[in-house]
Structures are given as structure tokens and as C-alpha cells.
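Structure file start-v7.txt; described as compact mmCIF, C-alpha atoms and all ligand atoms.
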# COMPACT_ATOMS: atom_id res chain seq x y z
CA MET U 1 40.99 2.08 69.28
CA THR U 2 38.31 3.00 71.77
CA ALA U 3 35.48 0.55 72.49
CA SER U 4 31.97 1.93 72.71
CA PRO U 5 30.56 1.95 76.26
CA TRP U 6 27.68 -0.12 74.86
CA GLN U 7 29.94 -2.89 73.61
CA GLY U 8 29.12 -6.17 75.41
CA ARG U 9 26.17 -4.63 77.26
CA ALA U 10 23.65 -7.25 78.44
CA LEU U 11 20.07 -6.43 77.47
CA GLY U 12 18.40 -9.09 79.57
CA THR U 13 16.26 -12.16 79.05
CA ARG U 14 12.60 -12.24 78.08
CA THR U 15 10.27 -15.17 77.69
CA VAL U 16 8.21 -14.68 74.55
CA SER U 17 5.18 -16.70 73.50
CA TRP U 18 3.22 -17.17 70.30
CA THR U 19 0.11 -18.87 69.01
CA GLU U 20 -0.72 -20.42 65.66
CA ARG U 21 -2.81 -17.32 64.96
CA ASP U 22 0.30 -15.12 65.28
CA ALA U 23 2.26 -17.41 62.98
CA ILE U 24 -0.50 -17.44 60.34
CA LEU U 25 -0.95 -13.65 60.45
CA TYR U 26 2.79 -13.30 60.04
CA ALA U 27 2.83 -15.56 56.98
CA LEU U 28 -0.02 -13.56 55.43
CA ALA U 29 1.63 -10.22 56.25
CA VAL U 30 4.84 -11.19 54.48
CA GLY U 31 2.95 -12.31 51.39
CA ALA U 32 2.02 -15.99 51.72
CA PRO U 33 -0.90 -16.68 49.39
CA ALA U 34 -4.17 -17.96 50.88
CA ASP U 35 -3.82 -21.31 49.12
CA ARG U 36 -0.43 -21.96 50.64
CA LEU U 37 -2.08 -24.13 53.30
CA ASP U 38 1.10 -25.24 55.01
CA LEU U 39 1.74 -21.60 55.91
CA VAL U 40 -1.76 -20.25 56.57
CA TYR U 41 -3.93 -23.17 57.78
CA GLU U 42 -3.61 -24.44 61.33
CA GLU U 43 -4.28 -28.04 60.29
CA ARG U 44 -1.04 -28.16 58.28
CA LEU U 45 0.97 -25.30 59.69
CA ARG U 46 4.73 -24.99 59.33
CA VAL U 47 6.00 -21.78 60.90
CA LEU U 48 8.27 -19.50 58.88
CA PRO U 49 11.57 -19.27 60.82
CA THR U 50 11.81 -15.51 60.26
CA PHE U 51 8.67 -15.18 62.42
CA ALA U 52 11.03 -15.66 65.40
CA LEU U 53 12.54 -12.28 64.58
CA THR U 54 9.27 -10.53 65.37
CA LEU U 55 9.29 -12.24 68.77
CA ALA U 56 12.78 -10.95 69.53
CA GLN U 57 12.29 -7.40 68.21
CA TRP U 58 12.18 -6.32 71.85
CA ALA U 59 15.99 -6.58 71.98
CA PRO U 60 17.09 -3.85 69.53
CA ASP U 61 14.18 -1.78 70.84
CA ALA U 62 15.47 -2.22 74.39
CA LEU U 63 18.87 -0.94 73.33
CA GLY U 64 17.25 2.09 71.67
CA ALA U 65 15.30 2.78 74.85
CA THR U 66 18.54 3.05 76.85
CA GLY U 67 19.53 6.08 74.77
CA ALA U 68 22.38 4.31 72.94
CA PHE U 69 21.28 5.98 69.70
CA ASP U 70 18.63 8.32 68.31
CA VAL U 71 15.60 6.10 67.68
CA THR U 72 14.05 8.66 65.34
CA THR U 73 16.87 8.33 62.78
CA ALA U 74 18.30 4.84 63.37
CA VAL U 75 17.31 2.20 60.80
CA HIS U 76 17.69 -1.52 60.56
CA GLY U 77 20.88 -2.01 58.56
CA SER U 78 21.25 -5.76 58.25
CA GLN U 79 20.14 -9.07 59.72
CA ARG U 80 21.55 -12.49 60.43
CA LEU U 81 19.60 -15.55 61.57
CA VAL U 82 20.79 -19.06 62.42
CA VAL U 83 18.00 -21.54 63.13
CA LYS U 84 18.66 -24.24 65.73
CA ARG U 85 15.28 -25.91 65.60
CA PRO U 86 11.93 -25.15 63.95
CA LEU U 87 9.32 -23.11 65.76
CA GLU U 88 6.32 -25.12 66.88
CA PRO U 89 2.88 -23.79 65.80
CA SER U 90 2.56 -22.30 69.29
CA GLY U 91 4.85 -22.12 72.27
CA GLU U 92 7.15 -20.01 74.38
CA MET U 93 10.88 -19.59 74.68
CA ALA U 94 13.41 -17.57 76.61
CA THR U 95 15.40 -15.08 74.54
CA THR U 96 18.59 -13.44 75.83
CA ALA U 97 20.15 -10.37 74.23
CA ARG U 98 23.40 -8.46 74.34
CA VAL U 99 25.27 -5.88 72.32
CA ALA U 100 27.76 -8.07 70.47
CA ALA U 101 29.60 -5.21 68.74
CA VAL U 102 29.52 -1.49 68.05
CA TRP U 103 31.24 -0.36 64.85
CA ASP U 104 32.38 3.19 64.27
CA LYS U 105 31.49 4.35 60.74
CA GLY U 106 32.51 7.95 61.42
CA SER U 107 29.25 9.83 60.95
CA ALA U 108 27.27 6.77 62.11
CA ALA U 109 27.63 3.74 64.36
CA VAL U 110 26.42 0.21 63.67
CA PHE U 111 25.14 -1.61 66.77
CA ASP U 112 25.06 -5.42 66.50
CA VAL U 113 22.39 -6.76 68.86
CA GLU U 114 22.59 -10.53 69.27
CA VAL U 115 19.65 -12.56 70.55
CA SER U 116 19.95 -16.22 71.43
CA SER U 117 17.43 -18.85 72.41
CA ASP U 118 17.09 -22.61 72.16
CA HIS U 119 15.42 -22.11 68.74
CA PHE U 120 17.73 -19.58 67.05
CA THR U 121 20.55 -17.06 67.24
CA ALA U 122 20.04 -13.76 65.43
CA THR U 123 21.85 -10.47 65.02
CA TRP U 124 20.22 -7.13 64.25
CA SER U 125 22.64 -4.52 62.90
CA VAL U 126 21.20 -1.09 63.65
CA PHE U 127 22.62 1.77 61.56
CA ALA U 128 22.60 4.85 63.80
CA PRO U 129 23.48 8.20 62.17
CA GLY U 130 25.23 10.62 64.53
CA SER U 131 26.48 7.92 66.91
CA GLY U 132 29.88 7.31 65.34
CA GLY U 133 33.18 9.11 65.78
CA PHE U 134 34.00 7.57 69.16
CA GLY U 135 37.34 6.20 67.96
CA GLY U 136 36.23 2.59 67.50
CA GLU U 137 36.90 -0.01 64.84
CA ARG U 138 35.17 0.44 61.48
CA GLY U 139 33.98 -3.16 61.28
CA PRO U 140 32.60 -5.07 58.30
CA SER U 141 32.25 -3.35 54.96
CA ALA U 142 29.72 -3.79 52.18
CA PRO U 143 29.01 -7.45 51.33
CA ARG U 144 30.38 -8.81 48.08
CA ARG U 145 28.31 -9.98 45.15
CA PRO U 146 29.11 -13.57 43.99
CA ASP U 147 31.67 -13.52 41.18
CA ARG U 148 29.74 -15.89 38.94
CA PRO U 149 26.86 -15.30 36.56
CA ALA U 150 23.51 -14.72 38.24
CA GLY U 151 20.46 -16.83 37.54
CA HIS U 152 17.29 -15.25 36.26
CA THR U 153 15.28 -12.69 38.18
CA LEU U 154 12.23 -13.29 40.38
CA THR U 155 9.62 -10.67 41.16
CA VAL U 156 8.60 -9.74 44.70
CA ALA U 157 5.50 -7.55 44.63
CA THR U 158 5.06 -5.77 47.96
CA HIS U 159 1.63 -4.28 48.57
CA ALA U 160 0.50 -0.85 49.60
CA ARG U 161 -0.85 -1.93 53.02
CA GLN U 162 2.03 -4.25 53.87
CA ALA U 163 3.81 -2.02 56.42
CA ALA U 164 0.49 -1.24 58.11
CA PHE U 165 -0.11 -4.99 58.53
CA TYR U 166 3.42 -5.96 59.43
CA ARG U 167 3.80 -3.40 62.22
CA LEU U 168 1.04 -5.18 64.18
CA LEU U 169 3.37 -8.17 64.47
CA GLY U 170 5.67 -6.43 66.91
CA ASP U 171 7.55 -3.59 65.23
CA ARG U 172 5.60 -0.40 65.78
CA HIS U 173 8.29 2.11 64.93
CA ALA U 174 6.45 5.20 63.76
CA MET U 175 8.58 5.60 60.59
CA HIS U 176 6.67 2.69 59.02
CA ILE U 177 3.25 4.37 59.29
CA ASP U 178 3.62 8.09 60.01
CA PRO U 179 4.86 10.35 57.16
CA ALA U 180 6.37 12.85 59.63
CA ALA U 181 8.36 10.11 61.39
CA ALA U 182 9.54 8.74 58.03
CA ALA U 183 10.66 12.24 57.00
CA ALA U 184 12.57 12.63 60.28
CA ALA U 185 14.46 9.44 59.37
CA GLY U 186 15.31 10.94 55.97
CA MET U 187 12.81 8.90 53.91
CA ASP U 188 10.27 10.13 51.37
CA ARG U 189 7.32 8.43 53.04
CA PRO U 190 6.59 5.52 55.44
CA PHE U 191 8.74 2.61 54.37
CA LEU U 192 8.58 -1.11 54.75
CA HIS U 193 10.19 -2.99 57.64
CA GLY U 194 13.44 -4.55 56.45
CA LEU U 195 12.45 -7.89 57.96
CA CYS U 196 9.18 -7.82 56.01
CA THR U 197 11.01 -7.22 52.72
CA LEU U 198 13.40 -10.02 53.58
CA ALA U 199 10.72 -12.54 54.54
CA ALA U 200 8.67 -11.63 51.44
CA SER U 201 11.74 -12.27 49.29
CA LEU U 202 12.37 -15.68 50.81
CA LEU U 203 9.02 -17.08 49.62
CA PRO U 204 9.75 -16.91 45.86
CA LEU U 205 13.40 -17.72 46.52
CA ALA U 206 12.49 -20.97 48.29
CA ASP U 207 10.04 -21.85 45.52
CA ALA U 208 12.75 -21.27 42.92
CA LEU U 209 15.15 -23.54 44.80
CA GLY U 210 12.48 -26.22 45.27
CA VAL U 211 12.71 -26.07 49.07
CA HIS U 212 10.15 -25.32 51.76
CA PRO U 213 10.48 -21.77 53.17
CA ALA U 214 10.01 -23.18 56.70
CA GLY U 215 13.22 -25.17 56.14
CA LEU U 216 15.36 -22.03 56.34
CA VAL U 217 18.40 -22.64 58.54
CA GLU U 218 20.62 -19.63 57.89
CA LEU U 219 20.02 -16.13 56.58
CA ASP U 220 22.02 -12.95 56.01
CA ALA U 221 21.13 -9.72 54.22
CA ARG U 222 21.80 -6.00 54.26
CA PHE U 223 19.03 -3.41 53.87
CA ALA U 224 20.78 -1.12 51.42
CA ALA U 225 17.97 1.34 50.65
CA PRO U 226 14.35 1.82 51.75
CA VAL U 227 11.55 -0.21 50.21
CA TYR U 228 8.21 1.58 49.96
CA PRO U 229 4.99 -0.40 50.34
CA GLY U 230 3.79 -1.21 46.83
CA ASP U 231 7.31 -1.39 45.39
CA ARG U 232 7.87 -4.20 42.95
CA LEU U 233 11.28 -5.73 43.53
CA ALA U 234 13.49 -7.62 41.13
CA LEU U 235 15.18 -10.38 43.10
CA THR U 236 18.36 -11.77 41.55
CA GLY U 237 19.50 -15.18 42.74
CA TRP U 238 22.69 -17.16 42.49
CA ALA U 239 21.98 -20.81 43.28
CA GLY U 240 24.49 -22.41 45.63
CA ASP U 241 27.43 -20.99 47.53
CA GLY U 242 29.81 -23.92 47.45
CA THR U 243 28.64 -25.52 50.71
CA PRO U 244 27.99 -29.24 50.36
CA ASP U 245 24.94 -29.51 52.64
CA GLY U 246 21.49 -28.05 52.31
CA ARG U 247 20.19 -25.84 49.52
CA THR U 248 21.68 -22.38 49.40
CA ALA U 249 21.27 -19.23 47.36
CA CYS U 250 22.87 -15.83 47.34
CA PHE U 251 20.54 -13.00 46.40
CA GLU U 252 20.05 -9.27 45.93
CA ALA U 253 16.95 -7.20 45.28
CA ALA U 254 16.43 -3.93 43.44
CA ALA U 255 13.44 -1.59 43.35
CA GLY U 256 11.77 -0.57 40.08
CA ASP U 257 14.02 2.48 39.73
CA GLY U 258 17.11 0.28 39.96
CA ARG U 259 18.05 1.10 43.57
CA ALA U 260 19.64 -1.92 45.28
CA VAL U 261 17.46 -2.51 48.35
CA LEU U 262 18.77 -5.88 49.56
CA THR U 263 22.45 -6.75 49.15
CA GLY U 264 24.66 -9.56 50.40
CA GLY U 265 21.68 -11.91 50.73
CA ARG U 266 22.41 -15.53 51.53
CA ALA U 267 19.84 -18.14 52.54
CA ARG U 268 20.41 -21.81 53.32
CA PHE U 269 17.50 -24.22 53.52
CA ARG U 270 17.28 -27.65 55.06
CA GLU U 271 15.67 -29.93 52.54
CA PRO U 272 14.18 -29.98 49.07
CA ALA U 273 10.39 -29.85 49.16
CA GLU U 274 10.15 -32.42 46.42
CA PRO U 275 12.32 -33.57 43.53
CA PRO U 276 12.60 -30.95 40.74
CA THR U 277 10.12 -31.59 37.96
CA PRO U 278 11.19 -31.73 34.31
CA GLU U 279 8.86 -28.76 33.68
CA ALA U 280 10.79 -26.57 36.13
CA PRO U 281 14.46 -27.40 35.67
CA ASP U 282 15.79 -23.87 36.20
CA ALA U 283 15.87 -22.74 39.81
CA PHE U 284 15.60 -19.10 38.80
CA ALA U 285 13.20 -19.16 35.88
CA ASP U 286 11.29 -15.89 35.55
CA ARG U 287 8.16 -15.81 37.65
CA THR U 288 5.86 -13.39 39.42
CA GLU U 289 4.91 -13.75 43.06
CA ASN U 290 2.05 -12.32 45.11
CA PRO U 291 -0.33 -12.15 42.15
CA ASP U 292 -3.08 -10.70 44.35
CA ALA U 293 -0.90 -7.84 45.68
C1 LIG S 1 13.67 0.87 63.47
C2 LIG S 1 13.66 0.60 62.02
C3 LIG S 1 13.40 -0.61 61.53
C4 LIG S 1 13.43 -0.89 60.11
O1 LIG S 1 13.02 -1.92 59.68
S1 LIG S 1 14.03 0.27 59.02
C5 LIG S 1 13.68 -0.47 57.43
C6 LIG S 1 14.79 -1.29 56.88
N1 LIG S 1 15.98 -0.52 56.71
C7 LIG S 1 16.11 0.38 55.72
O2 LIG S 1 15.21 0.62 54.93
C8 LIG S 1 17.45 1.02 55.60
C9 LIG S 1 17.86 1.11 54.18
N2 LIG S 1 19.28 1.50 54.08
C10 LIG S 1 19.66 2.77 53.92
O3 LIG S 1 18.85 3.66 53.81
C11 LIG S 1 21.15 3.02 53.84
O4 LIG S 1 21.84 1.87 53.49
C12 LIG S 1 21.74 3.52 55.19
C13 LIG S 1 21.06 4.84 55.60
C14 LIG S 1 21.54 2.46 56.29
C15 LIG S 1 23.26 3.75 55.03
O5 LIG S 1 23.45 4.54 53.91
P1 LIG S 1 24.65 5.59 53.90
O6 LIG S 1 24.53 6.57 55.01
O7 LIG S 1 24.71 6.18 52.52
O8 LIG S 1 25.90 4.70 54.20
P2 LIG S 1 27.22 4.57 53.38
O9 LIG S 1 27.87 5.93 53.29
O10 LIG S 1 26.94 3.84 52.11
O11 LIG S 1 28.12 3.59 54.28
C16 LIG S 1 28.73 4.08 55.47
C17 LIG S 1 29.31 2.88 56.20
O12 LIG S 1 28.23 2.13 56.80
C18 LIG S 1 28.18 0.82 56.23
N3 LIG S 1 26.77 0.53 55.94
C19 LIG S 1 26.03 1.14 54.99
N4 LIG S 1 24.80 0.64 54.98
C20 LIG S 1 24.77 -0.30 55.94
C21 LIG S 1 23.78 -1.18 56.38
N5 LIG S 1 22.56 -1.18 55.78
N6 LIG S 1 24.05 -2.03 57.38
C22 LIG S 1 25.29 -2.05 57.94
N7 LIG S 1 26.29 -1.22 57.54
C23 LIG S 1 26.03 -0.36 56.56
C24 LIG S 1 28.98 0.89 54.95
O13 LIG S 1 29.54 -0.39 54.61
C25 LIG S 1 30.04 1.90 55.29
O14 LIG S 1 31.03 1.32 56.07
P3 LIG S 1 32.48 1.01 55.44
O15 LIG S 1 32.99 2.29 54.88
O16 LIG S 1 33.29 0.48 56.57
O17 LIG S 1 32.26 -0.01 54.37
Kindly present the structure from the file in C-alpha cells form.
Amino acid sequence: MTASPWQGRALGTRTVSWTERDAILYALAVGAPADRLDLVYEERLRVLPTFALTLAQWAPDALGATGAFDVTTAVHGSQRLVVKRPLEPSGEMATTARVAAVWDKGSAAVFDVEVSSDHFTATWSVFAPGSGGFGGERGPSAPRRPDRPAGHTLTVATHARQAAFYRLLGDRHAMHIDPAAAAAAGMDRPFLHGLCTLAASLLPLADALGVHPAGLVELDARFAAPVYPGDRLALTGWAGDGTPDGRTACFEAAAGDGRAVLTGGRARFREPAEPPTPEAPDAFADRTENPDA
């Protein structure tokens, strides 16, 4: 087996900072409703942990800028996040990045970019067509679906302007706004950032589990197919994953035409928001989110 020359490459350290305005705009961009005051009002603000991923987006971008892969065709393939401590409403932190692994998928390579800080550790897996075939290990395969019956399905309604909003939070790749750039990446039209889809999905998922979305401590998911702004997703959840602590769910999401868009989802949250009410005994009762989308 031949290791990629990028394997283990250090990408440097950057100090990133944020304000409560950034955190509120992020919550709104991923679909928090205006009356969700603990996400959108500075007097009560709890910061969504996935917001940290916008602050560290510089890392996979820095790898792309070195010429490791073709940035016009590479897409975000999957994401992992482990939260060490909650983000304050405003602050700064040092983030350090390296290429943790490069997998050889033959016609493509998958670059795992790991970012660590005192608040979180996260891994971006970038799927890069045309960069494989270097004789390396194939790496992880498709995630498995839980082998137990799923709960009911939740709805995640993305909205038509969502990618245009989300890109202002730190991911300005042209494929999310420019039809020509999207076509160059093999997509029908500008498509939604994977991290936006994922964060939007976590809001109804947390509600269904009866936990606060800011209590997220661990997250994994694969972006299996593009989501287009305005798509209405069916999110299937499996409560629990056998771990004794926290509140956990496995999940997948499909677009209206049945395409699986998120696979291998797993989210673990810290604490229940409040005891389950007798009126809402089923963690995955049918519901619709983002009613104003
Ligand atoms: C800068 C951009 C930022 C963004 O936010 S982009 C938006 C979010 N991302 C997306 O919308 C991407 C959606 N996903 C897709 O369109 C497709 O999904 C892919 C193009 C990424 C891959 O599809 P295909 O070329 O058909 O791959 P295969 O033939 O099914 O699999 C080839 C090998 O690659 C692994 N793989 C497939 N998809 C992913 C993925 N998403 N992340 C990591 N690995 C992936 C498989 O398992 C397999 O490998 P094994 O044969 O060893 O099992």
C-alpha cells in the first residue's frame, strides 16, 4: 500500500473568534424559528455546537488551496464532531488542523481533515473525484443502517434561500450559489451545504428526543446525495444506540424523490430538556418543522 503524500500533513493553527450575532445568524440560517429564544435571542442564548464547524471551515479549504484535490469537483462527503465543552455566546479559540487520513477509492480519494481545539474535535471527509488510484488503502465503507425497526419520520423543510444565507457564515464555495459552478461539480443546480442540511436536521431530531439541540456532544453523518434548497426531507430516526449515557439517535434523511441524502447519522445529546410529557410519549411522532419555510 502506498500512503498519499498528503497523509499526516499539518495545516496549521488559526485563532478564530465569534460574536453572539454570528451565533444567532447561524441558528436562523439553519432553520431555528424566531420564537426559539434560547437560540436566537442574546438574553437567553445557547450556541448550537455545529456552529463551531463554520469557524473551522478554513481547514478543509486550506487543504484544497494547496492543490491536494480539484476544488471545483470535490464535495463534502461526511462529517464527525465531538464536543468537549459548549461554545460561549462570544469568544475566541485556537484551532489546529491536519490531514488525518487519505483513502483511495479508485476513481476518487477521501481526505479526512481533522480539526482540534479546546472546545471540539471534528473531521471533514472531503470526497475528491480524480484524486484516487495512488495505491492507498480503501478505508471505511458505507455506514450501516441500524438493524431494528425505525421510529416515525420527521420533516425537515429546507428553504429556497437557505444556501444563499448559509454561505455568508463562512463557506463561500461557488457551487452553492453559482449554477455554472454547481454544474462543474456534476450537480443540477446550486446545492445546499452539507453542514447546513445536517444542522437543520438536528433541530427536529433534538425536539423529538426531548433534548436541547445545544446539548449535542457527538455527531456523525454522511452526505450521500445533494440537497437542493427548498427540498423537503423525510428524516427517519432510531432512538438510542445502546450507549448508557446521554440521549442518542441514529438517523437518515431522504429527499422527496426518495434519494437518500443523509446516511449513517448518529447524534448524542447531553441532557433531556425536560421530562417527557404524557401528550408526547413517542420520540419520533410525525411532525413538521420550519413551518415558515
Ligand atoms: C466544498 C463543498 C462543500 C459542501 O458542502 S458540498 C455539499 C454536501 N455534499 C454533497 O452534497 C455530496 C453528496 N454526495 C454525493 O453526491 C455522492 O455521495 C458522492 C459524489 C460524494 C459519491 O458518490 P459516488 O461517486 O456515486 O460514490 P460511490 O460510487 O457510491 O462510492 C465510492 C466509494 O466512496 C465512498 N463514498 C461514497 N460517498 C461518500 C461520502 N459521501 N463520504 C465518504 N465516502 C463516500 C463509498 O463508500 C465507496 O467506497 P467503498 O467502495 O470503499 O465503500
Neighbouring residues of ligand LIG 1 (chain S) are defined here as those with any atom at most 9 Å from a ligand atom, counting only C-alpha atoms and all ligand atoms; list them as a PyMOL selection string.
chain U and resi 60-61+71-79+103-111+125-129+138-143+171-176+185-187+191-197+221-228+261-263
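Atom pair CA of Glu114 (chain U) / CA of Val99 (chain U): separated by 6.2 Å.
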Draw an axis-aligned box over all listed atoms of region 57-71 of chain U, pad each side with 8 Å, and write its centre and edge lengths in Å, one decimal, as AutoDock Vina command-line options.
--center_x 17.3 --center_y 0.5 --center_z 72.3 --size_x 26.2 --size_y 31.7 --size_z 25.2
At a cut-off of 7 Å, using all atoms listed in the file, what residues contact region 251-258 of chain U? Leave out same-chain residues fewer than 6 positions from it and give the result as a ChimeraX atom specification.
/U:231-238,264-266
In Å and to one decimal, CA of Gly230 (chain U) is distant from CA of Ala27 (chain U) by 17.6 Å
Give me the residues near Gly170 (chain U) as a PyMOL selection string, where near means some atom within 10 Å (using all atoms listed in the file) and where sequence neighbours in that chain fewer than 5 positions away do not count.
chain U and resi 53-58
